[in-house]
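Colleague: My structure is in final16.txt, and what it holds is compact mmCIF, C-alpha atoms:
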```txt
# COMPACT_ATOMS: atom_id res chain seq x y z
CA MET A 59 25.21 -31.25 44.49
CA PRO A 60 22.80 -32.27 41.69
CA SER A 61 24.12 -34.24 38.71
CA LEU A 62 24.57 -31.87 35.78
CA VAL A 63 24.41 -34.64 33.16
CA GLU A 64 21.03 -35.90 34.35
CA ASP A 65 19.66 -32.42 35.12
CA TYR A 66 20.64 -31.04 31.71
CA ALA A 67 18.47 -33.53 29.83
CA ARG A 68 15.51 -32.63 32.04
CA LEU A 69 16.12 -28.91 31.57
CA LEU A 70 15.59 -29.32 27.83
CA SER A 71 12.56 -31.59 28.09
CA GLU A 72 10.63 -29.94 30.93
CA GLN A 73 8.67 -26.71 30.67
CA HIS A 74 9.33 -24.06 33.32
CA GLU A 75 7.07 -21.14 34.08
CA PRO A 76 8.78 -17.81 33.33
CA PRO A 77 10.60 -15.82 34.41
CA CYS A 78 13.63 -18.10 34.06
CA LEU A 79 16.75 -16.80 35.79
CA SER A 80 20.26 -17.84 34.72
CA LEU A 81 23.45 -16.82 36.51
CA TYR A 82 27.01 -17.83 35.64
CA GLN A 83 30.32 -16.84 37.15
CA PRO A 84 33.92 -18.05 37.29
CA THR A 85 35.03 -19.32 40.70
CA HIS A 86 38.27 -20.46 42.28
CA ARG A 87 39.33 -23.67 44.00
CA MET A 88 41.92 -22.31 46.40
CA HIS A 89 42.34 -19.70 49.12
CA PRO A 90 42.78 -16.72 48.94
CA ASP A 91 41.37 -16.40 45.41
CA ASN A 92 38.04 -17.94 46.38
CA GLN A 93 37.45 -15.23 49.00
CA GLN A 94 36.22 -12.89 46.27
CA ASP A 95 33.76 -15.40 44.80
CA PRO A 96 30.78 -14.68 47.12
CA ILE A 97 31.30 -10.94 46.61
CA ARG A 98 31.18 -11.36 42.83
CA PHE A 99 28.11 -13.54 43.23
CA ARG A 100 26.28 -10.83 45.16
CA ASN A 101 27.16 -8.28 42.46
CA LEU A 102 25.77 -10.59 39.79
CA LEU A 103 22.70 -11.21 41.90
CA LYS A 104 22.12 -7.45 42.03
CA ALA A 105 22.30 -7.23 38.23
CA LEU A 106 19.95 -10.20 37.93
CA SER A 107 17.48 -8.57 40.33
CA GLU A 108 17.53 -5.27 38.42
CA SER A 109 16.82 -7.04 35.14
CA LEU A 110 14.02 -9.03 36.75
CA HIS A 111 12.39 -5.93 38.25
CA ARG A 112 12.15 -4.23 34.87
CA LYS A 113 9.32 -6.61 33.97
CA TYR A 114 8.02 -8.08 37.22
CA PRO A 115 6.79 -6.43 40.46
CA ALA A 116 9.06 -6.79 43.49
CA ARG A 117 6.42 -8.76 45.42
CA ASP A 118 6.44 -11.44 42.71
CA THR A 119 10.21 -11.71 42.50
CA ALA A 120 11.08 -12.10 46.19
CA PRO A 121 10.46 -15.89 46.27
CA LEU A 122 12.62 -16.30 43.16
CA LEU A 123 15.55 -14.40 44.64
CA ALA A 124 15.40 -15.91 48.15
CA PRO A 125 17.35 -19.11 47.25
CA PHE A 126 20.08 -16.97 45.64
CA GLU A 127 20.38 -14.98 48.88
CA ALA A 128 20.62 -18.19 50.89
CA LEU A 129 23.35 -19.49 48.60
CA ALA A 130 25.28 -16.23 48.95
CA ALA A 131 25.33 -16.74 52.73
CA ASP A 132 26.33 -20.41 52.63
CA ARG A 133 29.98 -20.40 53.79
CA ASP A 134 30.47 -24.12 53.32
CA PHE A 135 29.41 -23.86 49.69
CA TRP A 136 31.89 -21.07 48.95
CA ASN A 137 34.70 -22.98 50.64
CA HIS A 138 34.31 -25.87 48.18
CA THR A 139 34.03 -24.21 44.79
CA LEU A 140 35.59 -25.46 41.56
CA ASP A 141 36.25 -23.42 38.39
CA GLY A 142 32.78 -22.11 37.66
CA LEU A 143 29.25 -21.80 38.96
CA ALA A 144 25.86 -22.08 37.26
CA VAL A 145 22.59 -21.24 39.01
CA LEU A 146 19.17 -21.55 37.36
CA ALA A 147 15.85 -20.66 38.93
CA ALA A 148 12.19 -20.37 37.99
CA PRO A 149 8.96 -20.55 40.00
CA GLY A 150 9.21 -23.80 41.97
CA PHE A 151 12.68 -24.61 40.64
CA PHE A 152 16.25 -23.86 41.83
CA ARG A 153 19.51 -25.60 40.91
CA ALA A 154 23.17 -24.75 41.47
CA TRP A 155 26.09 -26.63 39.93
CA ARG A 156 29.81 -26.37 40.58
CA LEU A 157 31.55 -26.53 37.19
CA GLN A 158 34.94 -27.88 36.13
CA ARG A 159 35.38 -25.07 33.60
CA PRO A 160 35.49 -21.31 34.09
CA VAL A 161 32.49 -19.51 32.62
CA ALA A 162 32.03 -15.85 31.74
CA GLU A 163 30.05 -13.71 34.16
CA LEU A 164 26.51 -13.54 32.85
CA THR A 165 22.97 -12.97 34.09
CA VAL A 166 19.92 -13.55 31.93
CA VAL A 167 16.20 -13.18 32.66
CA ALA A 168 14.08 -14.68 29.87
CA ASP A 169 11.19 -17.00 29.08
CA SER A 170 13.61 -19.95 29.05
CA PHE A 171 16.91 -20.82 30.70
CA HIS A 172 20.21 -19.76 29.17
CA THR A 173 21.95 -23.14 29.01
CA LYS A 174 24.71 -22.69 26.44
CA PRO A 175 27.47 -22.61 29.13
CA LEU A 176 26.07 -25.91 30.41
CA MET A 177 25.81 -27.22 26.87
CA ARG A 178 29.50 -26.44 26.41
CA ILE A 179 30.28 -28.72 29.33
CA VAL A 180 27.77 -31.48 28.69
CA GLN A 181 28.24 -31.57 24.89
CA SER A 182 31.99 -30.92 24.75
CA ALA A 183 34.06 -33.59 23.03
CA ASP A 184 36.94 -33.50 25.53
CA ARG A 185 35.14 -34.92 28.57
CA TYR A 186 35.83 -38.37 30.00
CA HIS A 187 35.47 -40.58 33.06
CA VAL A 188 38.18 -42.47 34.93
CA LEU A 189 37.22 -45.55 36.93
CA GLY A 190 39.70 -46.45 39.65
CA LEU A 191 39.26 -50.08 40.59
CA ASN A 192 40.62 -52.88 42.72
CA ARG A 193 39.02 -55.93 44.36
CA HIS A 194 37.87 -53.87 47.34
CA GLU A 195 36.68 -50.52 46.09
CA ALA A 196 35.88 -48.32 43.12
CA ARG A 197 36.29 -44.58 42.65
CA LEU A 198 34.94 -42.51 39.78
CA PHE A 199 36.42 -39.30 38.37
CA GLU A 200 35.14 -36.87 35.76
CA GLY A 201 37.55 -34.74 33.77
CA ASN A 202 38.43 -32.69 30.73
CA ARG A 203 41.72 -31.50 29.33
CA ASP A 204 42.25 -29.07 32.24
CA ALA A 205 40.71 -30.64 35.33
CA LEU A 206 39.85 -33.92 37.01
CA ASP A 207 37.63 -34.32 40.07
CA GLU A 208 36.28 -37.26 42.01
CA ILE A 209 32.49 -37.56 41.87
CA ASP A 210 29.93 -39.52 43.85
CA LEU A 211 29.50 -43.03 42.52
CA ALA A 212 25.80 -43.94 42.48
CA ILE A 213 25.17 -47.45 43.76
CA ASP A 214 22.50 -49.94 42.75
CA ALA A 215 21.78 -51.19 46.26
CA GLU A 216 19.98 -54.31 45.04
CA ALA A 217 22.93 -55.40 42.89
CA ALA A 218 25.62 -54.65 45.47
CA PRO A 219 26.96 -57.29 47.86
CA PRO A 220 25.05 -57.13 51.19
CA ALA A 221 27.77 -55.42 53.21
CA ALA A 222 28.43 -52.94 50.42
CA ARG A 223 24.87 -51.63 50.67
CA GLU A 224 25.88 -49.99 53.92
CA ARG A 225 28.74 -48.18 52.14
CA ALA A 226 26.87 -46.52 49.26
CA THR A 227 29.16 -43.53 49.30
CA ARG A 228 31.91 -42.07 47.13
CA VAL A 229 34.15 -45.09 47.69
CA TYR A 230 32.19 -48.25 46.89
CA GLY A 231 33.59 -51.16 48.92
CA SER A 232 33.07 -54.82 48.11
CA GLY A 233 31.83 -55.47 51.62
CA ALA A 234 32.36 -59.11 52.55
CA LEU A 235 35.67 -59.41 50.76
CA GLY A 236 37.02 -56.24 52.34
CA ALA A 237 35.85 -57.29 55.79
CA THR A 238 37.36 -60.74 55.68
CA THR A 239 40.60 -59.36 54.29
CA ARG A 240 40.85 -56.93 57.20
CA HIS A 241 40.41 -59.82 59.63
CA GLY A 242 43.07 -61.82 57.81
CA THR A 243 40.84 -64.74 56.78
CA ASP A 244 42.54 -66.90 54.16
CA LEU A 245 39.95 -67.19 51.41
CA LYS A 246 40.39 -69.70 48.63
CA GLN A 247 41.44 -68.16 45.34
CA SER A 248 38.27 -69.37 43.63
CA MET A 249 36.13 -67.58 46.22
CA ARG A 250 38.20 -64.43 45.84
CA ASP A 251 37.78 -64.50 42.07
CA LYS A 252 34.04 -65.10 42.34
CA GLN A 253 33.57 -62.18 44.72
CA ALA A 254 35.75 -59.92 42.61
CA GLU A 255 33.73 -60.82 39.52
CA GLN A 256 30.45 -60.10 41.32
CA PHE A 257 31.81 -56.77 42.54
CA PHE A 258 33.12 -55.79 39.10
CA ARG A 259 29.78 -56.65 37.47
CA SER A 260 27.92 -54.39 39.91
CA ILE A 261 30.36 -51.55 39.31
CA ASP A 262 30.14 -51.99 35.55
CA ALA A 263 26.33 -51.88 35.62
CA ASP A 264 26.22 -48.81 37.89
CA VAL A 265 28.71 -46.82 35.83
CA LEU A 266 26.96 -47.69 32.57
CA GLU A 267 23.49 -46.77 33.84
CA HIS A 268 24.27 -43.60 35.76
CA TYR A 269 27.26 -42.13 33.93
CA SER A 270 28.36 -43.61 30.59
CA ARG A 271 24.97 -44.00 28.96
CA PRO A 272 23.62 -40.53 29.92
CA SER A 273 26.86 -38.73 29.02
CA GLY A 274 28.33 -40.75 26.15
CA MET A 275 31.78 -40.03 27.57
CA PRO A 276 34.74 -42.41 27.13
CA LEU A 277 35.62 -44.42 30.24
CA LEU A 278 39.24 -45.06 31.16
CA LEU A 279 40.14 -47.83 33.57
CA ALA A 280 42.79 -47.08 36.18
CA ALA A 281 43.81 -50.29 37.91
CA LEU A 282 46.66 -52.69 38.42
CA PRO A 283 47.31 -54.87 35.35
CA GLU A 284 45.89 -58.01 36.98
CA HIS A 285 42.49 -56.31 37.38
CA HIS A 286 42.21 -55.07 33.80
CA HIS A 287 41.62 -58.47 32.22
CA LEU A 288 38.86 -59.53 34.61
CA PHE A 289 36.98 -56.23 34.40
CA ARG A 290 37.19 -56.08 30.60
CA SER A 291 36.05 -59.69 30.31
CA ILE A 292 32.78 -58.94 32.13
CA SER A 293 32.18 -55.29 31.13
CA ARG A 294 29.16 -54.47 28.96
CA ASN A 295 30.03 -50.77 28.74
CA PRO A 296 30.52 -49.72 25.10
CA MET A 297 32.27 -46.53 26.25
CA LEU A 298 35.12 -48.44 27.96
CA ALA A 299 38.25 -47.25 26.13
CA ALA A 300 40.96 -49.59 24.90
CA GLY A 301 43.66 -47.38 26.38
CA ALA A 302 44.15 -47.78 30.10
CA ILE A 303 46.05 -46.47 33.11
CA ASP A 304 47.96 -49.36 34.67
CA VAL A 305 48.06 -48.07 38.25
CA HIS A 306 45.39 -47.48 40.88
CA PRO A 307 44.48 -43.79 41.49
CA ASP A 308 45.72 -44.06 45.07
CA ASP A 309 49.26 -44.23 43.69
CA LEU A 310 49.00 -40.95 41.75
CA SER A 311 48.27 -37.33 42.57
CA ILE A 312 45.11 -35.93 41.01
CA GLU A 313 47.21 -33.93 38.54
CA GLN A 314 49.26 -36.99 37.58
CA LEU A 315 46.06 -38.93 37.04
CA ARG A 316 44.60 -36.13 34.89
CA ALA A 317 47.79 -35.91 32.78
CA ARG A 318 47.83 -39.66 32.13
CA ALA A 319 44.12 -39.70 31.33
CA TRP A 320 44.33 -36.75 28.93
CA ALA A 321 47.29 -38.33 27.13
CA LEU A 322 44.95 -41.21 26.28
CA VAL A 323 41.87 -39.09 25.51
CA GLU A 324 43.50 -36.33 23.42
CA PRO A 325 44.14 -38.42 20.27
CA TRP A 326 40.54 -39.63 20.35
CA TYR A 327 39.31 -36.06 20.91
CA LEU A 328 41.33 -34.60 18.01
CA ALA A 329 40.30 -37.44 15.71
CA ARG A 330 36.65 -36.86 16.51
CA LEU A 331 36.87 -33.11 15.79
CA ALA A 332 38.72 -33.78 12.54
CA LYS A 333 36.06 -36.28 11.48
CA LEU A 334 33.27 -33.80 12.27
CA THR A 335 35.03 -31.03 10.32
CA GLU A 336 35.53 -33.30 7.33
CA ALA A 337 31.88 -34.39 7.43
CA PHE A 338 30.72 -30.76 7.52
CA GLU A 339 32.93 -29.70 4.62
CA GLU A 340 31.61 -32.58 2.56
CA ALA A 341 28.00 -31.77 3.50
CA ARG A 342 28.43 -28.09 2.67
CA ALA A 343 29.85 -28.96 -0.76
CA LYS A 344 26.82 -31.18 -1.42
CA LYS A 345 24.38 -28.52 -0.10
CA THR A 346 23.39 -30.84 2.75
CA GLY A 347 25.03 -28.63 5.34
CA SER A 348 25.34 -24.93 6.08
CA ASP A 349 27.02 -22.33 8.29
CA ASP A 350 24.41 -19.64 7.58
CA LEU A 351 22.64 -18.86 10.86
CA ARG A 352 19.21 -18.21 9.35
CA GLU A 353 19.34 -21.28 7.14
CA VAL A 354 20.44 -23.48 10.03
CA ALA A 355 17.73 -22.03 12.30
CA LYS A 356 15.02 -23.00 9.80
CA ALA A 357 16.53 -26.45 9.36
CA ALA A 358 16.66 -26.93 13.15
CA ALA A 359 12.99 -25.95 13.49
CA ALA A 360 12.11 -28.52 10.80
CA GLY A 361 14.10 -31.24 12.58
CA GLN A 362 16.55 -31.53 9.68
CA VAL A 363 19.82 -31.04 11.59
CA ALA A 364 21.67 -34.27 12.36
CA THR A 365 24.82 -32.68 13.79
CA LEU A 366 25.43 -29.10 14.88
CA LEU A 367 28.85 -27.68 15.73
CA ILE A 368 28.74 -24.55 17.89
CA GLU A 369 31.64 -22.25 18.68
CA ALA A 370 32.12 -22.69 22.42
CA ASP A 371 32.62 -19.10 23.57
CA ARG A 372 30.41 -17.34 21.02
CA ILE A 373 27.14 -15.58 21.93
CA ILE A 374 24.74 -14.16 19.34
CA PRO A 375 21.93 -12.33 21.20
CA GLY A 376 18.46 -12.71 19.72
CA ARG A 377 15.21 -14.64 19.69
CA PHE A 378 14.57 -17.93 17.94
CA ASP A 379 11.07 -19.16 17.11
CA PRO A 380 11.13 -22.98 17.06
CA SER A 381 7.78 -23.11 15.25
CA ASP A 382 9.15 -21.67 12.00
CA GLY A 383 12.88 -21.11 12.61
CA SER A 384 12.72 -17.33 12.33
CA VAL A 385 15.37 -15.34 14.20
CA VAL A 386 15.50 -11.74 15.36
CA GLU A 387 18.76 -10.33 16.69
CA GLY A 388 18.73 -8.26 19.87
CA LYS A 389 20.61 -7.38 23.05
CA LEU A 390 21.11 -9.56 26.13
CA SER A 391 20.13 -6.63 28.32
CA ASP A 392 16.57 -7.14 27.03
CA PRO A 393 14.81 -9.55 29.42
CA GLU A 394 13.17 -11.31 26.45
CA VAL A 395 16.41 -11.94 24.57
CA ASP A 396 18.61 -15.03 24.91
CA ASP A 397 21.46 -16.52 22.88
CA LEU A 398 20.49 -17.70 19.39
CA LEU A 399 23.18 -20.38 19.39
CA ASP A 400 21.84 -21.64 22.70
CA ASP A 401 18.26 -21.84 21.49
CA ILE A 402 19.10 -23.40 18.12
CA GLY A 403 21.30 -25.98 19.86
CA GLU A 404 18.50 -26.89 22.26
CA GLN A 405 16.12 -27.32 19.33
CA VAL A 406 18.56 -29.67 17.60
CA ILE A 407 18.86 -31.80 20.74
CA ALA A 408 15.07 -31.78 21.20
CA THR A 409 14.62 -33.16 17.68
CA GLY A 410 17.14 -35.95 18.16
CA GLY A 411 20.22 -34.28 16.71
CA GLU A 412 23.73 -34.09 18.13
CA VAL A 413 25.34 -30.87 19.34
CA VAL A 414 29.09 -30.57 19.83
CA LEU A 415 30.73 -27.48 21.32
CA VAL A 416 34.02 -26.78 19.54
CA PRO A 417 36.88 -24.39 20.43
CA ALA A 418 37.03 -21.38 18.09
CA ALA A 419 40.40 -22.49 16.70
CA ARG A 420 38.89 -25.77 15.47
CA MET A 421 35.57 -24.48 14.13
CA PRO A 422 35.20 -25.05 10.37
CA ALA A 423 33.13 -21.84 10.03
CA ILE A 424 33.36 -18.22 11.20
CA THR A 425 29.64 -17.73 11.79
CA GLY A 426 29.53 -19.50 15.16
CA LEU A 427 27.80 -22.66 13.94
CA ALA A 428 28.06 -25.39 11.30
CA ALA A 429 25.26 -27.85 10.57
CA ILE A 430 25.09 -31.21 8.84
CA TYR A 431 21.59 -32.04 7.67
CA ARG A 432 19.77 -35.35 7.77
CA PHE A 433 18.67 -34.59 4.25
CA ALA A 434 18.79 -31.62 1.88
CA GLY A 435 16.91 -28.63 3.22
```
Go through the file and emit its structure as structure tokens.
Modeller:
Amino acid sequence: MPSLVEDYARLLSEQHEPPCLSLYQPTHRMHPDNQQDPIRFRNLLKALSESLHRKYPARDTAPLLAPFEALAADRDFWNHTLDGLAVLAAPGFFRAWRLQRPVAELTVVADSFHTKPLMRIVQSADRYHVLGLNRHEARLFEGNRDALDEIDLAIDAEAAPPAARERATRVYGSGALGATTRHGTDLKQSMRDKQAEQFFRSIDADVLEHYSRPSGMPLLLAALPEHHHLFRSISRNPMLAAGAIDVHPDDLSIEQLRARAWALVEPWYLARLAKLTEAFEEARAKKTGSDDLREVAKAAAAGQVATLLIEADRIIPGRFDPSDGSVVEGKLSDPEVDDLLDDIGEQVIATGGEVVLVPAARMPAITGLAAIYRFAG
């Protein structure tokens, strides 16, 4: 599956020829609940097709819908679903992502992709990584408060030990050290430490480049105590958290690992939301922040928004003009209408601002958004 973190940045920076098709649905991890998922997908695909045909001739839409039909028939895909599914398509473009969070059923045909459900995942403050590590292998997990899943660990083949280049898979082995250990060779401690340090440096560089830097997510280390000191002494990852899990993931169930990770992340998560709320309240009092949708839209178009909080499950249908910040409310059933919060959030990211998706219970405003300006608007 494609990497959502890397794809999301490209989705906002690249231009796609319309029509842009967006489909979201909740899915299920386990049998028998997941048996209904492909049926629900086909129903959503029908709704998507009907919306598409209101504006475009059938002969022009067939190539757009063909990958959706192929996905609907892919049994292996539907046997390995998570909690949600996102599928985006445009002429010459098709992506599908399994999601760790449930999403509401939704189909949108518009001039741009509907990415707010993806924004909620990518920009949410509760996401984190867990790096499971010992001298022989590394495993990487991505999680939030509710779920934790192992993900493919990208390998820098040039930096990896020679034998490890042949094992550039989910479990990244240290190659020579692992092989000699299996054959029972008695390596000197100095050689063992040198190889472990080389291995840890490669892992640290790969995780920083491919995961921590693109996502900005905190990284928790799960390892035996004797491995913590060495890894921390060589790590250059600014997202490596001080809190740690003092066992290797192999010794815990996935749910136990998630619970221990969230116990470390939750205080950081709550502190961050509290800090953002306090900053907004202060900015609003000084007239350098606002929760008025039209005011924030104009500020976003002018590149004045430094930080934008968006209510995670809120949708305000309408059209946003990034050239002047004007907004017109509408209905999602209109093929030319998207979500205003989605479009304003994308504009803030495009102009170098930060967007954070916040649960409704922790939003400091009732309008669906709260902005802190770079300077008075």
Colleague: What separation in Å, quoted to one decimal, exists between atom CA of Arg153 of chain A and atom CA of Lys104 of chain A?
Modeller: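 Atom CA of Arg153 of chain A sits 18.4 Å away from atom CA of Lys104 of chain A.
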Colleague: Just want the 8 Å neighbourhood of Pro276 of chain A, counted on all atoms listed in the file, with same-chain residues fewer than 4 positions away dropped. Output as a list in words.
Modeller: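 Once the adjacent positions are removed, what remains is Arg185, Tyr186, His187, Ser270, Met297, Leu298 and Ala299 of chain A.
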Colleague: Using only C-alpha atoms, can you list as a PDB file with C-alpha atoms, keeping the file's coordinate frame the residues within 12 Å of (37.5, -42.8, 32.1)?
Modeller:
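Full text of selection_25.pdb as output:
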```
ATOM      1  CA  ASP A 184      36.940 -33.500  25.530  1.00  0.00           C
ATOM      2  CA  ARG A 185      35.140 -34.920  28.570  1.00  0.00           C
ATOM      3  CA  TYR A 186      35.830 -38.370  30.000  1.00  0.00           C
ATOM      4  CA  HIS A 187      35.470 -40.580  33.060  1.00  0.00           C
ATOM      5  CA  VAL A 188      38.180 -42.470  34.930  1.00  0.00           C
ATOM      6  CA  LEU A 189      37.220 -45.550  36.930  1.00  0.00           C
ATOM      7  CA  GLY A 190      39.700 -46.450  39.650  1.00  0.00           C
ATOM      8  CA  LEU A 191      39.260 -50.080  40.590  1.00  0.00           C
ATOM      9  CA  ARG A 197      36.290 -44.580  42.650  1.00  0.00           C
ATOM     10  CA  LEU A 198      34.940 -42.510  39.780  1.00  0.00           C
ATOM     11  CA  PHE A 199      36.420 -39.300  38.370  1.00  0.00           C
ATOM     12  CA  GLU A 200      35.140 -36.870  35.760  1.00  0.00           C
ATOM     13  CA  GLY A 201      37.550 -34.740  33.770  1.00  0.00           C
ATOM     14  CA  ASN A 202      38.430 -32.690  30.730  1.00  0.00           C
ATOM     15  CA  LEU A 206      39.850 -33.920  37.010  1.00  0.00           C
ATOM     16  CA  ASP A 207      37.630 -34.320  40.070  1.00  0.00           C
ATOM     17  CA  GLU A 208      36.280 -37.260  42.010  1.00  0.00           C
ATOM     18  CA  VAL A 265      28.710 -46.820  35.830  1.00  0.00           C
ATOM     19  CA  LEU A 266      26.960 -47.690  32.570  1.00  0.00           C
ATOM     20  CA  TYR A 269      27.260 -42.130  33.930  1.00  0.00           C
ATOM     21  CA  SER A 270      28.360 -43.610  30.590  1.00  0.00           C
ATOM     22  CA  SER A 273      26.860 -38.730  29.020  1.00  0.00           C
ATOM     23  CA  GLY A 274      28.330 -40.750  26.150  1.00  0.00           C
ATOM     24  CA  MET A 275      31.780 -40.030  27.570  1.00  0.00           C
ATOM     25  CA  PRO A 276      34.740 -42.410  27.130  1.00  0.00           C
ATOM     26  CA  LEU A 277      35.620 -44.420  30.240  1.00  0.00           C
ATOM     27  CA  LEU A 278      39.240 -45.060  31.160  1.00  0.00           C
ATOM     28  CA  LEU A 279      40.140 -47.830  33.570  1.00  0.00           C
ATOM     29  CA  ALA A 280      42.790 -47.080  36.180  1.00  0.00           C
ATOM     30  CA  ALA A 281      43.810 -50.290  37.910  1.00  0.00           C
ATOM     31  CA  ASN A 295      30.030 -50.770  28.740  1.00  0.00           C
ATOM     32  CA  MET A 297      32.270 -46.530  26.250  1.00  0.00           C
ATOM     33  CA  LEU A 298      35.120 -48.440  27.960  1.00  0.00           C
ATOM     34  CA  ALA A 299      38.250 -47.250  26.130  1.00  0.00           C
ATOM     35  CA  ALA A 300      40.960 -49.590  24.900  1.00  0.00           C
ATOM     36  CA  GLY A 301      43.660 -47.380  26.380  1.00  0.00           C
ATOM     37  CA  ALA A 302      44.150 -47.780  30.100  1.00  0.00           C
ATOM     38  CA  ILE A 303      46.050 -46.470  33.110  1.00  0.00           C
ATOM     39  CA  PRO A 307      44.480 -43.790  41.490  1.00  0.00           C
ATOM     40  CA  LEU A 315      46.060 -38.930  37.040  1.00  0.00           C
ATOM     41  CA  ARG A 316      44.600 -36.130  34.890  1.00  0.00           C
ATOM     42  CA  ARG A 318      47.830 -39.660  32.130  1.00  0.00           C
ATOM     43  CA  ALA A 319      44.120 -39.700  31.330  1.00  0.00           C
ATOM     44  CA  TRP A 320      44.330 -36.750  28.930  1.00  0.00           C
ATOM     45  CA  ALA A 321      47.290 -38.330  27.130  1.00  0.00           C
ATOM     46  CA  LEU A 322      44.950 -41.210  26.280  1.00  0.00           C
ATOM     47  CA  VAL A 323      41.870 -39.090  25.510  1.00  0.00           C
TER      48      VAL A 323
END
```
Colleague: I'd like the contact shell of Ala130 of chain A - 12 Å cut-off, all atoms listed in the file, skipping same-chain residues fewer than 5 positions apart - returned as an MDAnalysis selection string.
Modeller: chainID A and resid 94:104 123:125 135:137 145 154
Colleague: Grab the atom CA of Pro417 of chain A to atom CA of Ala337 of chain A distance for me, in Å with one decimal place.
Modeller: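 Between these atoms lies a distance of 17.1 Å.
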Colleague: Find the smallest box with edges along x, y and z containing every listed atom of segment 261-267 of chain A, then add 6 Å on each side and report centre and edge lengths in Å to one decimal, as AutoDock Vina command-line options.
Modeller:
```
--center_x 26.9 --center_y -49.4 --center_z 35.9 --size_x 18.9 --size_y 17.2 --size_z 18.7
```
Colleague: Between atom CA of Thr409 of chain A and atom CA of Ala364 of chain A, measure the distance and give it in Å to one decimal.
Modeller: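 Separating atom CA of Thr409 of chain A from atom CA of Ala364 of chain A is a distance of 8.9 Å.
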Colleague: Could you check the closest approach to Pro325 of chain A for each of A:Ala183, A:Met249, A:Leu367, A:Val161 and tell me which residue wins, using only C-alpha atoms?
Modeller: A:Ala183
Colleague: Identify which of the residues A:Pro90, A:Pro380, A:Pro175, A:Pro121 lies closest to Gly142 of chain A, counting only C-alpha atoms when measuring atom-to-atom distances.
Modeller: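 Closest to Gly142 of chain A of all the choices is A:Pro175.
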Colleague: Taking all atoms listed in the file into account, which of A:Leu110, A:Leu310, A:Ile430, A:Ile261 comes nearest Ile292 of chain A?
Modeller: A:Ile261
Colleague: Just want the 10 Å neighbourhood of segment 384-389 of chain A, counted on all atoms listed in the file, with same-chain residues fewer than 6 positions away dropped. Output as a list of chain:residue names.
Modeller: A:Leu351, A:Arg352, A:Glu353, A:Ala355, A:Lys356, A:Ala359, A:Ile374, A:Pro375, A:Gly376, A:Arg377, A:Phe378, A:Val395, A:Asp396, A:Asp397, A:Leu398, A:Ile402
Colleague: Would you save the residues from that selection as an mmCIF file, in the frame of the given file, using C-alpha atoms?
Modeller:
```cif
data_model
loop_
_atom_site.group_PDB
_atom_site.id
_atom_site.type_symbol
_atom_site.label_atom_id
_atom_site.label_comp_id
_atom_site.auth_asym_id
_atom_site.auth_seq_id
_atom_site.Cartn_x
_atom_site.Cartn_y
_atom_site.Cartn_z
ATOM 1 C CA LEU A 351 22.640 -18.860 10.860
ATOM 2 C CA ARG A 352 19.210 -18.210 9.350
ATOM 3 C CA GLU A 353 19.340 -21.280 7.140
ATOM 4 C CA ALA A 355 17.730 -22.030 12.300
ATOM 5 C CA LYS A 356 15.020 -23.000 9.800
ATOM 6 C CA ALA A 359 12.990 -25.950 13.490
ATOM 7 C CA ILE A 374 24.740 -14.160 19.340
ATOM 8 C CA PRO A 375 21.930 -12.330 21.200
ATOM 9 C CA GLY A 376 18.460 -12.710 19.720
ATOM 10 C CA ARG A 377 15.210 -14.640 19.690
ATOM 11 C CA PHE A 378 14.570 -17.930 17.940
ATOM 12 C CA VAL A 395 16.410 -11.940 24.570
ATOM 13 C CA ASP A 396 18.610 -15.030 24.910
ATOM 14 C CA ASP A 397 21.460 -16.520 22.880
ATOM 15 C CA LEU A 398 20.490 -17.700 19.390
ATOM 16 C CA ILE A 402 19.100 -23.400 18.120
#
```
Colleague: Restricting the calculation to all atoms listed in the file: of A:His111, A:Gln73, A:Asp264, A:Leu106, which residue gets closest to Pro149 of chain A?
Modeller: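 Ranked by minimum distance to Pro149 of chain A, first place goes to A:Gln73.
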